[in-house]
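First comes the structure, then the notes that go with it.
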Amino acid sequence: MLRDRIKTALAALSPLEITETDHAKKGYDLDVQVSPDQVPAAAEAIRQEEFFIEAVTGVDWFGEQAAIVAEAAKVKAAAAKKAAAAAAAAAEAGGEAVPPAPAPEAPAEEAELLPDVMEVVYDFSHYQENCRVVVRTRVPRDNPELPTISSIFQGANWHERETHDFFGIRFLGHPDLTPLLLPEDADFHPLLKDFKA
Amino acid sequence: MSEMACDKHKETFVLNMGPQHPATHGVLRVKLVMDGEYIVEAEPVLGYIHRMHEKMGENRTWAQFMPNMGRLDYLGALSYNHGYAAAVERAAGIAVPERAEYIRVMTVELNRISSHLLWMGAYLLDLGGFTPLLYAFDDREKILDMLERVTGSRLTYCYFRFGGLYNDVDDQFLAEAKGFVARLRSRLPMYHTLVTKNVILMQRLKGIGVIDADMCRRYGVTGPVARGSGLNYDVRKNEPYSVYPQFDFDVPVYTEGDSMARYMVRMDEIEQSLRIVEQAIDGLPDGPVMAEKVPKIVKPPKGDYYHAVEAARGSFGVRLVSNGTNTPYRMKLRSPTYSNLSLLAEVAKGVTVADAVAFMGSLDLVIPEIDR
């Protein structure tokens, strides 16, 4: 089956993650997470199975890392509070004096905050079989660069130009990254989450 | 011919086609490097009516984005309604009553017919035939009148809701639709004798703008353009959605890959859509047109979702990213003619301007959908 064949072919590239998904729930069959430099190899493997390119786009995960840290801190605080409450309850049961609540921890993890990323998403589909493959990769938000696939799928040319327009993601080796949909002198990227008109 | 046209030593000049040009059907500009009558290079310049619909999707609720769906492909807006509604329904896990899906299919197919009729009229106008436009608009007008009664608008439909429809259809609509199926069926042979067998048309279309299956794959071409290149690909069959599996219809495929093949695909599709409309009217079940338990504020669970539908021009896909709130996090709209037009530069090399017009018309371009 095509789905198994393409999964084997992509797994041979040792991607970061490869999962089969439920088409009825998600709308695609295979979700492949690769590193940016693996993208052309993945596209080539997909081309050899005669897939066609649907689209290339980006997702800006601005603030994702801060949210992860905040979430972790929240979980930690909740756990600490729970432990304190349990200790207080135990102390109360034992008839001892309640110890003072521990001072809230200073946010020492600030320094560990990882830089935010942008995701580049490639959608592929097939003319004969019902099989959709999604390839994703993550590039650092402050230096979004990855190789182009426009020499493998010529249709990617415009999709990558559009992604550059909207997100400022640079596709190395792309023949012409000038604005396609935005004005020719555009120096802004409207789909960035911190873009203000 | 093409050898001469591509000779770099010859003197070339730049010809601007558009952005205001009757044959580009909207504000599309094509920069042509010409060697006499022949095109050396063609570069489409897009974005004249770019409105950043994808950003608009990020600053309003899921339901508030629905009216935007009428403003992408304004000739086949109901397919876009369908694609977006189905994508959000998939994400939020909303089941749609069968009667609503039947009416969706019925109206989408009527819309597809009206789109193909307008394309035919406008395309033949590009090629210098004025009369067919009047016939096509006569038939198309009937569809617009019918759809106006149930949807409330003639062109920029916003008829579908998450979980169903804004409005049920009545007996008058069903009777009119049935009458229309019979009417158009009786007129299609006339179209073919009036237009299809015309020797001038054949000479302008046959062998012009040949696209092979491999080129379709490299550029991601879908819809009638792909089916004119021998690819039996129709989202309604290949990735069945809604109630399409319950209907009996064929996917017209032509292998020539030229403009004539694309013309024939669309003409045959009108017939197939009539079959679907007829079956949908006959089999229309009773029941509600809106699911009962649709939350007032839709909040799809975290994650990303994709849904494709077969619009009049090809595969229209919606890629949603939800972060679990009442606003989409990312809304990618994959429009078919964007991909279909991207091969222009490759195909137009070495052809004359007149043939390029015949080729571009056969792609059935709708610019607001390309620019979004």
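Please note that chains go A, B, ... in the order of the structure tokens, that every chain numbers its residues from 1, and that ligands are numbered from 1 in the order shown.
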
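Summary of the local environment: counting only C-alpha atoms, residues at most 9 Å from Met215 of chain B, other than itself and those fewer than 6 positions away along its chain, are Gln154 of chain A; Val221 and Leu343 of chain B.
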
With 8 Å as the limit and counting only C-alpha atoms, what residues in chain A lie close to chain B? Please list them as a PyMOL selection string.
chain A and resi 24-28+50-55+57+59+127-130+152-156+158+180-183+190-191

As a PyMOL selection string, please: every residue in segment 1-174 of chain A that a backbone DSSP assignment puts in alpha helix (DSSP H).
chain A and resi 2-11+23-26+39-48+64-93+156-167

With distances taken over only C-alpha atoms, the candidate from B:Ile211, B:Ala85, B:Leu188, B:Val253 nearest Ala348 of chain B is B:Ile211

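Rounded to one decimal, atom CA of Val169 of chain B and atom CA of Val150 of chain B lie 6.0 Å from each other.
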
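The list of residues with at least one atom within 7 Å of Lys206 of chain B, based on only C-alpha atoms and without residues fewer than 6 positions apart in the same chain, reads Asp258, Ser259 and Met260 of chain B.
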
Which residues are near Phe247 of chain B? Cut-off 8 Å, only C-alpha atoms, ignore same chain within fewer than 4 positions. Put them as a PyMOL selection string.
chain B and resi 243+276+279-280

Filtering to all heavy atoms, could you give me those residues as a PDB file, in the first residue's frame?
ATOM      1  N   VAL B 243     -22.052  13.636   1.332  1.00  0.00           N
ATOM      2  CA  VAL B 243     -22.835  12.465   0.922  1.00  0.00           C
ATOM      3  C   VAL B 243     -22.538  12.079  -0.527  1.00  0.00           C
ATOM      4  O   VAL B 243     -23.313  11.362  -1.148  1.00  0.00           O
ATOM      5  CB  VAL B 243     -24.352  12.708   1.102  1.00  0.00           C
ATOM      6  CG1 VAL B 243     -24.722  12.652   2.574  1.00  0.00           C
ATOM      7  CG2 VAL B 243     -24.788  14.020   0.500  1.00  0.00           C
ATOM      8  N   ILE B 276     -26.157  14.689 -10.445  1.00  0.00           N
ATOM      9  CA  ILE B 276     -26.094  14.721  -8.977  1.00  0.00           C
ATOM     10  C   ILE B 276     -27.270  15.518  -8.415  1.00  0.00           C
ATOM     11  O   ILE B 276     -27.932  15.102  -7.465  1.00  0.00           O
ATOM     12  CB  ILE B 276     -24.756  15.322  -8.504  1.00  0.00           C
ATOM     13  CG1 ILE B 276     -23.596  14.472  -9.003  1.00  0.00           C
ATOM     14  CG2 ILE B 276     -24.722  15.421  -6.986  1.00  0.00           C
ATOM     15  CD1 ILE B 276     -22.230  15.057  -8.709  1.00  0.00           C
ATOM     16  N   GLN B 279     -30.434  13.467  -8.558  1.00  0.00           N
ATOM     17  CA  GLN B 279     -30.484  12.417  -7.540  1.00  0.00           C
ATOM     18  C   GLN B 279     -30.697  13.009  -6.151  1.00  0.00           C
ATOM     19  O   GLN B 279     -31.387  12.417  -5.318  1.00  0.00           O
ATOM     20  CB  GLN B 279     -29.191  11.605  -7.551  1.00  0.00           C
ATOM     21  CG  GLN B 279     -29.022  10.744  -8.788  1.00  0.00           C
ATOM     22  CD  GLN B 279     -27.614  10.168  -8.867  1.00  0.00           C
ATOM     23  OE1 GLN B 279     -27.139   9.546  -7.926  1.00  0.00           O
ATOM     24  NE2 GLN B 279     -26.943  10.366  -9.977  1.00  0.00           N
ATOM     25  N   ALA B 280     -30.086  14.169  -5.905  1.00  0.00           N
ATOM     26  CA  ALA B 280     -30.228  14.787  -4.584  1.00  0.00           C
ATOM     27  C   ALA B 280     -31.654  15.254  -4.360  1.00  0.00           C
ATOM     28  O   ALA B 280     -32.186  15.146  -3.254  1.00  0.00           O
ATOM     29  CB  ALA B 280     -29.254  15.959  -4.452  1.00  0.00           C
TER      30      ALA B 280
END

DSSP-assigned strand (DSSP E) members of segment 54-258 of chain B, reported as a short mmCIF file (atom, residue, chain, number, x, y, z; two decimals) with C-alpha atoms, in the first residue's frame:
data_model
loop_
_atom_site.label_atom_id
_atom_site.label_comp_id
_atom_site.auth_asym_id
_atom_site.auth_seq_id
_atom_site.Cartn_x
_atom_site.Cartn_y
_atom_site.Cartn_z
CA PHE B 160 -23.50 27.04 5.31
CA ARG B 161 -23.17 26.96 9.08
CA GLY B 164 -25.86 22.54 8.85
CA LEU B 165 -27.39 25.36 6.90
#

Excluding Glu145 of chain A and its own-chain neighbours fewer than 5 positions away, which residues fall within 6 Å of it when counting only C-alpha atoms? Please give them as number ranges by chain.
A: 169-171

Pick out the residues sitting within 9 Å of Glu176 of chain B, and hand them over as an MDAnalysis selection string; count only C-alpha atoms, and ignore anything fewer than 5 positions along from it in its own chain.
chainID B and resid 142 146 171 181

Give me, please, the distance in Å between atom CA of Ile94 of chain B and atom CA of Glu119 of chain A, quoted to one decimal.
28.0 Å

Polymer residues at most 10 Å from Leu174 of chain B, only C-alpha atoms, same-chain spacing of 6 or more positions, as a ChimeraX atom specification
/B:106,146,180,277-278,280-282,284

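Considering only C-alpha atoms, the residue among B:Phe130, B:Phe65, B:Phe13, B:Tyr38 positioned nearest to Pro328 of chain B is B:Phe65.
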